[in-house]
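Enquirer: Sharing a structure here in structure tokens format.
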Amino acid sequence: MCPRTSEQFEEIRESKRRKILDAAIECFATTGYHAVSISYLAKHAGISKGLMYNYFSSKEELLKSIFNEVMTEMLKLFDQDKPGDIDREILLKYFNNLFDHLKTNLLLWKMYMAIFSQPAVQQILAEEILTASKQPLDMMERYFKKQGYKTPALEVAFLSTLISGVTYEYIADPENYPLEQIKKRILGLY
């Protein structure tokens with residue numbers, strides 16, 4: 001039997017890390033952040049509690065890792081060639097990408113929205129939320145300013161509220177919620 005290469009060890013390590021993240025997403029989405037213990041997460045991930053601590057020093061660090069991963073994915077949804085600026089085409093593509101992502105990653109979105117409905121969890125992530133939201137909100141505000149909106153920050157707040165509402169409604173009843181029609185309506189507004 002040949003010894004494992006460093007690449008093989010890294011693949012195994014990343015596979016275990018992913019398994020923990022996926023288990024945490026599922027547990028946080030279905031049970032809630034505070035109701036889930038490290039022991040429960042480890043059991044759900046099929047690993048020992050001790051091994052869990054080799055990857056994440058705490059449940060809080062695990063939550064922050066998930067949040068940062070989600071925010072990185074969200075920024076990728078802008079799919080832009082020119083970082084920092086968006087135009088109408090990029091904004092409309094973002095809406096399409098966002099709602100497609102919602103449909104294909106329902107559990108992740110359920111967990112993500114659960115984070116924002118728990119003030120104690122928001123407090124844990126306060127710094128990460130502020131850092132992660134600054135760039136996309138600034139980009140959208142600049143876009144609305146260029147489009148001639150009198151109160152671009154208000155339009156960003158309205159749009160954020162609209163998207164949050166659509167997300168909550170879809171998560172609550174994905175089988176019956178008219179996501180495609182709502183998406184077309186939002187695209188028509190902008």
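Lettering and numbering for the structure tokens are positional, with chains as A, B, ... in the shown order, residues counted from 1 in each chain, and ligands counted from 1 in the shown order.
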Can you list, as a list in words, every protein, DNA or RNA residue that comes within 8 Å of range 161-173 of chain A when you count only C-alpha atoms, leaving out same-chain residues fewer than 2 positions away?
Expert: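 Contacts, with the query itself left out: Leu102, Leu106, Trp109, Lys110, Met113, Ala157, Phe158, Leu159, Glu175, Asn176, Tyr177, Leu179 and Ile182 of chain A.
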Enquirer: Counting only C-alpha atoms, which residue out of A:Met74, A:His101, A:Lys59, A:Tyr33 sits closest to Ser117 in chain A?
Expert: A:Tyr33
Enquirer: In Å, how far is it from CA of Gln181 in chain A to CA of Thr72 in chain A?
Expert: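 About the pair CA of Gln181 in chain A and CA of Thr72 in chain A: they are 27.2 Å apart.
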Enquirer: Which residue is closest to Met140 in chain A? Choose from A:Asp87, A:Ser15, A:Ala35, A:Leu189 and count only C-alpha atoms.
Expert: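 Ranked by minimum distance to Met140 in chain A, first place goes to A:Asp87.
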Enquirer: Just the residues within 9 Å of range 47-54 of chain A, please, counting only C-alpha atoms, with nothing from its chain fewer than 4 positions along; format it as JSON, numbers by chain.
Expert: {"A": [16, 17, 20, 38, 39, 40, 41, 42, 43, 58]}
Enquirer: Could you write out that same residue set with C-alpha atoms as a PDB file, in the first residue's frame?
Expert:
```
ATOM      1  CA  LYS A  16     -14.538  16.083   5.706  1.00  0.00           C
ATOM      2  CA  ARG A  17     -14.801  19.868   5.987  1.00  0.00           C
ATOM      3  CA  ILE A  20     -19.338  19.169   8.335  1.00  0.00           C
ATOM      4  CA  ILE A  38     -21.422  20.350  18.471  1.00  0.00           C
ATOM      5  CA  SER A  39     -22.084  16.732  19.496  1.00  0.00           C
ATOM      6  CA  TYR A  40     -25.283  16.686  17.442  1.00  0.00           C
ATOM      7  CA  LEU A  41     -23.489  18.222  14.450  1.00  0.00           C
ATOM      8  CA  ALA A  42     -20.642  15.707  14.675  1.00  0.00           C
ATOM      9  CA  LYS A  43     -23.074  12.796  14.851  1.00  0.00           C
ATOM     10  CA  SER A  58     -16.420  26.381  17.827  1.00  0.00           C
TER      11      SER A  58
END
```
Enquirer: When you look at Lys183 in chain A with a cut-off of 8 Å (counting only C-alpha atoms), what residues show up, excluding the ones that are within fewer than 3 positions of it in the same chain? I need them as a list of chain:residue names.
Expert: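 Counting only the stated atoms, we get A:Phe95, A:Asn96, A:Phe99, A:Leu179, A:Glu180, A:Ile186, A:Leu187.
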Enquirer: For His34 in chain A, which residue out of A:Leu75, A:Ile12, A:Val121, A:Tyr94 is the nearest one, using only C-alpha atoms?
Expert: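 The shortest atom-to-atom distance to His34 in chain A comes from A:Val121.
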Enquirer: Kindly give the distance, in Å, that separates CA of Leu108 in chain A and CA of Asp22 in chain A, rounded to a single decimal.
Expert: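 Separation of CA of Leu108 in chain A and CA of Asp22 in chain A: 8.9 Å.
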Enquirer: Using only C-alpha atoms, which protein or nucleic acid residues come within 6 Å of Pro152 in chain A? Drop anything in the same chain fewer than 4 positions from it, and give the result as a PyMOL selection string.
Expert: chain A and resi 141+144-145
Enquirer: Take the residues from that selection and write them out as a PDB file, in the first residue's frame, keeping C-alpha atoms.
Expert:
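Saved result, result.pdb, follows:
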```pdb
ATOM      1  CA  GLU A 141     -26.791  52.250  -4.823  1.00  0.00           C
ATOM      2  CA  PHE A 144     -29.666  53.496  -8.972  1.00  0.00           C
ATOM      3  CA  LYS A 145     -27.928  56.871  -8.693  1.00  0.00           C
TER       4      LYS A 145
END
```
Enquirer: To one decimal place, how far is CA of Glu73 in chain A from CA of Leu91 in chain A in Å?
Expert: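 Rounded to one decimal, the two atoms are 15.7 Å apart.
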